[in-house]
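Scroll down for the structure; my scribbles are underneath it.
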Amino acid sequence: MAVYRDIMEQYDTQIHLYDAFAGKIRDLLSEILNSNQIRIHSLQYRLKDENSLTVKLFDSVGRYSHLNEVTDIAGIRIITYFHDDVYKIADLIEQEFKVDRLNSIDKKALLAPDRFGYLSMHHIVSLSPARSKLTEYKRFRGLKAEIQTRSILQHSWAEIEHDLGYKSKQEIPKAIMRRFFRLASLLEIADQEFVNIRDELGRYERDTLKRIESTPQLLKLDKTSLNAFVCNNKLVDRLDRELASIANAPLCEYGRYPPFSPALFKYFQIETIADLATKLEQHCDEIIAFAIKSMANRRFFRIMRGISLHYLTVLLIASTRNVEQILVIFDKFKIGPKAHLAEDAQLFVEIYESILNRQGTL
């Protein structure tokens, strides 16, 4: 009991230090993941509360004599989208932190080949010697934290399993146990299939770039081919930069095409990348003219990459020169806030006709 009281007193006096430590580890992990371009679902930290610590101490009588021997007072949880990112993150953790390998666990390695269940990576870490010397980290020297890394499906399994009280039951009917294993195996298969789909999409995107150059007349419009066209076509780049200059705003370079459906282009018989490139070349001057008039007296904070294709669609819609038909198109493709649709449709027609009067028929 004396050891228990000592540890709990240490807990009371050091819990704020552990709280700051866990926050620092979380922030450091966030920087590490961002710099390595690993997207995750969530990154959170928690502190072991008094009740949990009490249970741990009484379940492990004689194991602990000091608070710093309890390695999970500070806990950080990383939830990934894909299960293979768990191992990429594990490599980064081992590069950036001092890892207590004796107490770190790869749950998957503990499962027998014919068993399925909770899969997660648990690292017990402290700051590396080099980082411990830095002013902002000195006070955390010697502290340890547990970093749990798992995929979002692994996390779902663990949370539901915990809620059902599965781990606490000594004996479970075989029929229920079999259902547990069946469900776990399905989740494991799903985890792998998400990785396979991601990789297949990556191959499709790379193939799309090649096909834009080699056979654009055969490449159908979809979100992938549109995005590749926006990010790699020289005319799009030139027009986007000119439109950004007209708007007196920076061009946003994050490389995602604005949220317009390929179906909108197909409505105007633009079926392939070649069709789109031809239409863009035909209407360069009109796109600029339309943008100048529609941007007048408006303030822009940024211009999205692909804005030239946006104005191409606007120009094509306006070319109907019929407010009622434009309203039908707005409704069909869910364009614009409903409160201003009629006003926008009328404005489109007016701008288009002013361009016709100045430049002649498109």
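Labels used: A, B, ... for chains in the order of the structure tokens, numbers from 1 for residues in each chain, and numbers from 1 for ligands as shown.
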message: Run DSSP on the backbone and tell me which residues of segment 90-285 of chain A come out as alpha helix (DSSP H); list them as number ranges by chain.
response: A: 90-96, 107-110, 129-132, 152-163, 174-214, 223-232, 234-247, 262-267, 273-282, 284-285
- request: Show which residues sit within 10 Å of segment 150-156 of chain A, as a PyMOL selection string. Count only C-alpha atoms, and ignore same-chain residues fewer than 6 positions away.
  value: chain A and resi 40-42+77-87+89+117-122+162+184+187-188+190-191
Any chance you could export the current selection's N, CA and C atoms as an mmCIF file, in the first residue's frame?
```cif
data_model
loop_
_atom_site.group_PDB
_atom_site.id
_atom_site.type_symbol
_atom_site.label_atom_id
_atom_site.label_comp_id
_atom_site.auth_asym_id
_atom_site.auth_seq_id
_atom_site.Cartn_x
_atom_site.Cartn_y
_atom_site.Cartn_z
ATOM 1 N N ILE A 40 -3.795 11.123 -42.443
ATOM 2 C CA ILE A 40 -4.392 10.275 -41.413
ATOM 3 C C ILE A 40 -5.811 10.737 -41.116
ATOM 4 N N HIS A 41 -6.549 9.873 -40.460
ATOM 5 C CA HIS A 41 -7.920 10.213 -40.075
ATOM 6 C C HIS A 41 -7.942 11.079 -38.826
ATOM 7 N N SER A 42 -7.130 10.726 -37.823
ATOM 8 C CA SER A 42 -7.115 11.515 -36.588
ATOM 9 C C SER A 42 -5.828 11.268 -35.815
ATOM 10 N N ARG A 77 -2.890 8.412 -29.894
ATOM 11 C CA ARG A 77 -3.491 7.451 -30.828
ATOM 12 C C ARG A 77 -3.533 8.050 -32.225
ATOM 13 N N ILE A 78 -2.983 7.301 -33.177
ATOM 14 C CA ILE A 78 -3.000 7.700 -34.587
ATOM 15 C C ILE A 78 -3.919 6.735 -35.333
ATOM 16 N N ILE A 79 -4.936 7.292 -35.993
ATOM 17 C CA ILE A 79 -5.845 6.472 -36.799
ATOM 18 C C ILE A 79 -5.567 6.777 -38.269
ATOM 19 N N THR A 80 -5.174 5.756 -39.027
ATOM 20 C CA THR A 80 -4.863 5.924 -40.444
ATOM 21 C C THR A 80 -6.055 5.508 -41.301
ATOM 22 N N TYR A 81 -6.042 5.939 -42.556
ATOM 23 C CA TYR A 81 -7.061 5.477 -43.488
ATOM 24 C C TYR A 81 -6.735 4.086 -44.016
ATOM 25 N N PHE A 82 -5.453 3.815 -44.205
ATOM 26 C CA PHE A 82 -5.040 2.554 -44.819
ATOM 27 C C PHE A 82 -4.099 1.805 -43.892
ATOM 28 N N HIS A 83 -4.247 0.465 -43.869
ATOM 29 C CA HIS A 83 -3.490 -0.316 -42.890
ATOM 30 C C HIS A 83 -1.991 -0.331 -43.179
ATOM 31 N N ASP A 84 -1.589 -0.177 -44.452
ATOM 32 C CA ASP A 84 -0.151 -0.193 -44.718
ATOM 33 C C ASP A 84 0.543 1.077 -44.222
ATOM 34 N N ASP A 85 -0.236 2.139 -43.996
ATOM 35 C CA ASP A 85 0.346 3.354 -43.417
ATOM 36 C C ASP A 85 0.757 3.147 -41.958
ATOM 37 N N VAL A 86 0.163 2.158 -41.298
ATOM 38 C CA VAL A 86 0.553 1.856 -39.910
ATOM 39 C C VAL A 86 2.043 1.534 -39.850
ATOM 40 N N TYR A 87 2.529 0.772 -40.826
ATOM 41 C CA TYR A 87 3.940 0.369 -40.823
ATOM 42 C C TYR A 87 4.854 1.493 -41.294
ATOM 43 N N ILE A 89 4.262 4.618 -40.596
ATOM 44 C CA ILE A 89 4.342 5.463 -39.403
ATOM 45 C C ILE A 89 5.243 4.822 -38.354
ATOM 46 N N GLY A 117 -8.333 -10.756 -35.429
ATOM 47 C CA GLY A 117 -8.753 -9.945 -34.298
ATOM 48 C C GLY A 117 -8.103 -8.581 -34.284
ATOM 49 N N TYR A 118 -7.902 -8.068 -33.088
ATOM 50 C CA TYR A 118 -7.411 -6.708 -32.890
ATOM 51 C C TYR A 118 -5.980 -6.572 -33.399
ATOM 52 N N LEU A 119 -5.779 -5.713 -34.371
ATOM 53 C CA LEU A 119 -4.458 -5.464 -34.938
ATOM 54 C C LEU A 119 -4.097 -4.000 -34.690
ATOM 55 N N SER A 120 -2.953 -3.771 -34.098
ATOM 56 C CA SER A 120 -2.531 -2.410 -33.805
ATOM 57 C C SER A 120 -1.055 -2.424 -33.483
ATOM 58 N N MET A 121 -0.410 -1.262 -33.639
ATOM 59 C CA MET A 121 0.995 -1.132 -33.297
ATOM 60 C C MET A 121 1.099 -0.250 -32.065
ATOM 61 N N HIS A 122 1.779 -0.751 -31.039
ATOM 62 C CA HIS A 122 1.959 0.005 -29.800
ATOM 63 C C HIS A 122 3.455 0.258 -29.587
ATOM 64 N N HIS A 162 -14.442 -3.776 -27.455
ATOM 65 C CA HIS A 162 -14.372 -3.277 -26.081
ATOM 66 C C HIS A 162 -15.767 -3.026 -25.519
ATOM 67 N N ALA A 184 -13.965 -10.419 -37.834
ATOM 68 C CA ALA A 184 -12.604 -9.876 -37.837
ATOM 69 C C ALA A 184 -11.917 -10.160 -39.168
ATOM 70 N N LEU A 187 -13.157 -7.747 -41.811
ATOM 71 C CA LEU A 187 -12.556 -6.424 -41.654
ATOM 72 C C LEU A 187 -11.117 -6.411 -42.154
ATOM 73 N N GLU A 188 -10.401 -7.490 -41.905
ATOM 74 C CA GLU A 188 -9.017 -7.561 -42.370
ATOM 75 C C GLU A 188 -8.969 -7.585 -43.895
ATOM 76 N N ALA A 190 -11.291 -6.308 -45.850
ATOM 77 C CA ALA A 190 -11.694 -4.961 -46.270
ATOM 78 C C ALA A 190 -10.519 -3.994 -46.173
ATOM 79 N N ASP A 191 -9.743 -4.091 -45.087
ATOM 80 C CA ASP A 191 -8.567 -3.239 -44.924
ATOM 81 C C ASP A 191 -7.623 -3.388 -46.112
#
```
field: From A:Ile25, A:Ala296, A:Ala291, A:Val3, residue lying nearest Thr313 of chain A [only C-alpha atoms]
entry: A:Ala291
- request: Tell me which protein, DNA and RNA residues are within 10 Å of Gly62 of chain A, counting only C-alpha atoms, leaving out same-chain ones fewer than 3 positions away, and put them as a list in words.
  value: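 Skipping anything fewer than 3 positions along the chain leaves Val3, Tyr4, Leu57, Phe58, Asp59 and Ser65 of chain A.
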Prev. selection, N, CA and C atoms, output as a JSON list (two decimals), in the first residue's frame:
```json
[["chain", "number", "residue", "atom", "x", "y", "z"],
["A", 3, "VAL", "N", 3.73, 1.71, -1.49],
["A", 3, "VAL", "CA", 4.17, 1.95, -2.86],
["A", 3, "VAL", "C", 3.04, 2.57, -3.67],
["A", 4, "TYR", "N", 1.83, 2.05, -3.47],
["A", 4, "TYR", "CA", 0.66, 2.57, -4.18],
["A", 4, "TYR", "C", 0.46, 4.05, -3.86],
["A", 57, "LEU", "N", -2.33, -0.71, -11.22],
["A", 57, "LEU", "CA", -1.40, -1.00, -10.12],
["A", 57, "LEU", "C", -1.83, -2.23, -9.32],
["A", 58, "PHE", "N", -3.12, -2.36, -9.08],
["A", 58, "PHE", "CA", -3.60, -3.51, -8.30],
["A", 58, "PHE", "C", -3.59, -4.80, -9.13],
["A", 59, "ASP", "N", -3.70, -4.67, -10.44],
["A", 59, "ASP", "CA", -3.61, -5.85, -11.30],
["A", 59, "ASP", "C", -2.17, -6.32, -11.48],
["A", 65, "SER", "N", 7.35, 0.43, -8.89],
["A", 65, "SER", "CA", 7.77, 1.08, -7.65],
["A", 65, "SER", "C", 7.85, 2.60, -7.81]]
```
message: I'd like to know which residues of segment 77-261 of chain A are strand (DSSP E or B) (by DSSP, run on the backbone); could you write them as an NGL selection string?
response: :A and (77-80 or 97-99 or 105-106 or 121-127 or 145-151 or 220 or 251-252)
Could you save those same residues with N, CA and C atoms as an mmCIF file, in the first residue's frame?
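Below is the file that was written, part09.cif:
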```cif
data_model
loop_
_atom_site.group_PDB
_atom_site.id
_atom_site.type_symbol
_atom_site.label_atom_id
_atom_site.label_comp_id
_atom_site.auth_asym_id
_atom_site.auth_seq_id
_atom_site.Cartn_x
_atom_site.Cartn_y
_atom_site.Cartn_z
ATOM 1 N N ARG A 77 -2.890 8.412 -29.894
ATOM 2 C CA ARG A 77 -3.491 7.451 -30.828
ATOM 3 C C ARG A 77 -3.533 8.050 -32.225
ATOM 4 N N ILE A 78 -2.983 7.301 -33.177
ATOM 5 C CA ILE A 78 -3.000 7.700 -34.587
ATOM 6 C C ILE A 78 -3.919 6.735 -35.333
ATOM 7 N N ILE A 79 -4.936 7.292 -35.993
ATOM 8 C CA ILE A 79 -5.845 6.472 -36.799
ATOM 9 C C ILE A 79 -5.567 6.777 -38.269
ATOM 10 N N THR A 80 -5.174 5.756 -39.027
ATOM 11 C CA THR A 80 -4.863 5.924 -40.444
ATOM 12 C C THR A 80 -6.055 5.508 -41.301
ATOM 13 N N PHE A 97 12.133 8.807 -32.473
ATOM 14 C CA PHE A 97 12.041 8.679 -31.025
ATOM 15 C C PHE A 97 12.964 7.570 -30.522
ATOM 16 N N LYS A 98 13.195 7.587 -29.240
ATOM 17 C CA LYS A 98 13.872 6.473 -28.582
ATOM 18 C C LYS A 98 12.792 5.478 -28.190
ATOM 19 N N VAL A 99 12.864 4.285 -28.743
ATOM 20 C CA VAL A 99 11.801 3.293 -28.567
ATOM 21 C C VAL A 99 12.185 2.259 -27.513
ATOM 22 N N ILE A 105 4.728 -3.283 -28.767
ATOM 23 C CA ILE A 105 4.054 -4.494 -29.254
ATOM 24 C C ILE A 105 3.468 -4.263 -30.642
ATOM 25 N N ASP A 106 3.662 -5.237 -31.524
ATOM 26 C CA ASP A 106 2.932 -5.307 -32.780
ATOM 27 C C ASP A 106 1.869 -6.382 -32.574
ATOM 28 N N MET A 121 -0.410 -1.262 -33.639
ATOM 29 C CA MET A 121 0.995 -1.132 -33.297
ATOM 30 C C MET A 121 1.099 -0.250 -32.065
ATOM 31 N N HIS A 122 1.779 -0.751 -31.039
ATOM 32 C CA HIS A 122 1.959 0.005 -29.800
ATOM 33 C C HIS A 122 3.455 0.258 -29.587
ATOM 34 N N HIS A 123 3.838 1.530 -29.608
ATOM 35 C CA HIS A 123 5.221 1.901 -29.331
ATOM 36 C C HIS A 123 5.294 2.638 -27.997
ATOM 37 N N ILE A 124 6.225 2.229 -27.157
ATOM 38 C CA ILE A 124 6.547 2.986 -25.949
ATOM 39 C C ILE A 124 7.780 3.820 -26.292
ATOM 40 N N VAL A 125 7.629 5.139 -26.199
ATOM 41 C CA VAL A 125 8.700 6.011 -26.667
ATOM 42 C C VAL A 125 9.063 7.068 -25.625
ATOM 43 N N SER A 126 10.263 7.556 -25.753
ATOM 44 C CA SER A 126 10.703 8.765 -25.058
ATOM 45 C C SER A 126 11.420 9.622 -26.093
ATOM 46 N N LEU A 127 11.721 10.838 -25.734
ATOM 47 C CA LEU A 127 12.389 11.728 -26.680
ATOM 48 C C LEU A 127 13.797 11.237 -26.981
ATOM 49 N N ALA A 145 5.841 7.709 -23.278
ATOM 50 C CA ALA A 145 4.462 7.759 -23.770
ATOM 51 C C ALA A 145 4.195 6.538 -24.633
ATOM 52 N N GLU A 146 2.942 6.157 -24.699
ATOM 53 C CA GLU A 146 2.538 5.060 -25.579
ATOM 54 C C GLU A 146 1.893 5.649 -26.826
ATOM 55 N N ILE A 147 2.394 5.248 -27.983
ATOM 56 C CA ILE A 147 1.799 5.651 -29.259
ATOM 57 C C ILE A 147 1.125 4.433 -29.870
ATOM 58 N N GLN A 148 -0.207 4.503 -30.017
ATOM 59 C CA GLN A 148 -0.961 3.437 -30.673
ATOM 60 C C GLN A 148 -1.265 3.884 -32.099
ATOM 61 N N THR A 149 -0.967 3.012 -33.049
ATOM 62 C CA THR A 149 -1.251 3.310 -34.449
ATOM 63 C C THR A 149 -2.085 2.179 -35.026
ATOM 64 N N ARG A 150 -3.192 2.534 -35.626
ATOM 65 C CA ARG A 150 -4.073 1.515 -36.210
ATOM 66 C C ARG A 150 -4.870 2.124 -37.357
ATOM 67 N N SER A 151 -5.388 1.294 -38.227
ATOM 68 C CA SER A 151 -6.233 1.784 -39.314
ATOM 69 C C SER A 151 -7.627 2.068 -38.769
ATOM 70 N N LYS A 220 -12.040 9.342 -72.315
ATOM 71 C CA LYS A 220 -13.321 9.896 -71.880
ATOM 72 C C LYS A 220 -13.134 10.824 -70.687
ATOM 73 N N LEU A 251 -3.250 32.524 -57.533
ATOM 74 C CA LEU A 251 -3.771 31.278 -58.078
ATOM 75 C C LEU A 251 -3.479 30.153 -57.100
ATOM 76 N N CYS A 252 -4.537 29.464 -56.674
ATOM 77 C CA CYS A 252 -4.388 28.374 -55.708
ATOM 78 C C CYS A 252 -3.838 27.152 -56.426
#
```
field: Test item: residues at most 8 Å from segment 44-48 of chain A, only C-alpha atoms, excluding those fewer than 6 positions along its chain, as a list of chain:residue names
entry: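 The filter keeps A:Tyr18, A:Asp19, A:Ala22, A:Gly23, A:Arg26, A:Asp72, A:Ile73, A:Ala74, A:Gly75, A:Ile76, A:Arg77, A:Ile78.
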So that I have them on file, write out the residues from the current selection with N, CA and C atoms, as a PDB file, in the first residue's frame.
```
ATOM      1  N   TYR A  18       2.882  15.542 -17.532  1.00  0.00           N
ATOM      2  CA  TYR A  18       2.546  14.510 -18.513  1.00  0.00           C
ATOM      3  C   TYR A  18       1.566  15.044 -19.557  1.00  0.00           C
ATOM      4  N   ASP A  19       0.663  15.913 -19.115  1.00  0.00           N
ATOM      5  CA  ASP A  19      -0.290  16.507 -20.048  1.00  0.00           C
ATOM      6  C   ASP A  19       0.446  17.335 -21.105  1.00  0.00           C
ATOM      7  N   ALA A  22       2.395  14.918 -23.449  1.00  0.00           N
ATOM      8  CA  ALA A  22       1.544  14.262 -24.450  1.00  0.00           C
ATOM      9  C   ALA A  22       1.177  15.225 -25.569  1.00  0.00           C
ATOM     10  N   GLY A  23       0.890  16.481 -25.206  1.00  0.00           N
ATOM     11  CA  GLY A  23       0.576  17.475 -26.230  1.00  0.00           C
ATOM     12  C   GLY A  23       1.751  17.732 -27.152  1.00  0.00           C
ATOM     13  N   ARG A  26       2.136  14.763 -29.508  1.00  0.00           N
ATOM     14  CA  ARG A  26       1.108  14.841 -30.564  1.00  0.00           C
ATOM     15  C   ARG A  26       1.497  15.860 -31.624  1.00  0.00           C
ATOM     16  N   ASP A  72       2.361   4.121 -19.880  1.00  0.00           N
ATOM     17  CA  ASP A  72       1.236   4.643 -20.680  1.00  0.00           C
ATOM     18  C   ASP A  72       0.429   5.716 -19.947  1.00  0.00           C
ATOM     19  N   ILE A  73       1.072   6.467 -19.054  1.00  0.00           N
ATOM     20  CA  ILE A  73       0.378   7.606 -18.439  1.00  0.00           C
ATOM     21  C   ILE A  73      -0.034   8.587 -19.543  1.00  0.00           C
ATOM     22  N   ALA A  74       0.888   8.858 -20.454  1.00  0.00           N
ATOM     23  CA  ALA A  74       0.588   9.678 -21.638  1.00  0.00           C
ATOM     24  C   ALA A  74       0.364   8.744 -22.820  1.00  0.00           C
ATOM     25  N   GLY A  75      -0.756   8.905 -23.499  1.00  0.00           N
ATOM     26  CA  GLY A  75      -1.068   8.054 -24.640  1.00  0.00           C
ATOM     27  C   GLY A  75      -1.456   8.869 -25.858  1.00  0.00           C
ATOM     28  N   ILE A  76      -0.938   8.487 -26.999  1.00  0.00           N
ATOM     29  CA  ILE A  76      -1.261   9.144 -28.272  1.00  0.00           C
ATOM     30  C   ILE A  76      -1.799   8.080 -29.215  1.00  0.00           C
ATOM     31  N   ARG A  77      -2.890   8.412 -29.894  1.00  0.00           N
ATOM     32  CA  ARG A  77      -3.491   7.451 -30.828  1.00  0.00           C
ATOM     33  C   ARG A  77      -3.533   8.050 -32.225  1.00  0.00           C
ATOM     34  N   ILE A  78      -2.983   7.301 -33.177  1.00  0.00           N
ATOM     35  CA  ILE A  78      -3.000   7.700 -34.587  1.00  0.00           C
ATOM     36  C   ILE A  78      -3.919   6.735 -35.333  1.00  0.00           C
TER      37      ILE A  78
END
```
- request: Give the answer as one residue: which of A:Ile307, A:Ala249, A:Ile287, A:Ile335 has the shortest atom-to-atom distance to Ser319 of chain A, using only C-alpha atoms?
  value: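 Counting only C-alpha atoms, the residue closest to Ser319 of chain A is A:Ile287.
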task: Give me, please, the distance in Å between atom CA of Asn232 of chain A and atom CA of His310 of chain A, quoted to one decimal.
output: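 Spanning atom CA of Asn232 of chain A to atom CA of His310 of chain A is a straight-line distance of 16.3 Å.
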- prompt: Mind pulling up the distance from atom CA of Arg63 of chain A to atom CA of Met8 of chain A?
  reply: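 Taking atom CA of Met8 of chain A as the start and atom CA of Arg63 of chain A as the end point, the length is 14.8 Å.
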field: Selected residue, from A:Asn196, A:Gln325, A:Gln95, A:Asn233, that lies nearest to Leu309 of chain A when counting only C-alpha atoms
entry: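 Counting only C-alpha atoms, the residue closest to Leu309 of chain A is A:Asn233.
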Gap from atom CA of Ile15 of chain A to atom CA of Ser60 of chain A - Å, one decimal: 20.9 Å
May I have the residues within 9 Å of Glu353 of chain A as a CSV table (one decimal) with N, CA and C atoms, in the first residue's frame, using only C-alpha atoms and disregarding those fewer than 5 positions away in the same chain?
```csv
chain,number,residue,atom,x,y,z
A,318,ALA,N,-24.2,30.2,-71.1
A,318,ALA,CA,-24.8,31.5,-71.6
A,318,ALA,C,-25.1,31.5,-73.1
A,319,SER,N,-24.4,30.6,-73.8
A,319,SER,CA,-24.5,30.6,-75.3
A,319,SER,C,-25.9,30.2,-75.7
A,321,ARG,N,-28.5,31.6,-74.6
A,321,ARG,CA,-29.2,32.9,-74.8
A,321,ARG,C,-30.7,32.8,-74.4
A,348,PHE,N,-25.9,36.1,-67.2
A,348,PHE,CA,-25.1,35.3,-68.2
A,348,PHE,C,-25.5,35.7,-69.6
A,358,ARG,N,-19.6,42.8,-79.6
A,358,ARG,CA,-18.3,43.4,-79.7
A,358,ARG,C,-17.4,42.5,-80.6
```
field: Long-range neighbours of Ser294 of chain A as number ranges by chain, 10 Å cut-off, only C-alpha atoms, 3 positions minimum in chain
entry: A: 288-291, 297-298, 311, 347-348, 351
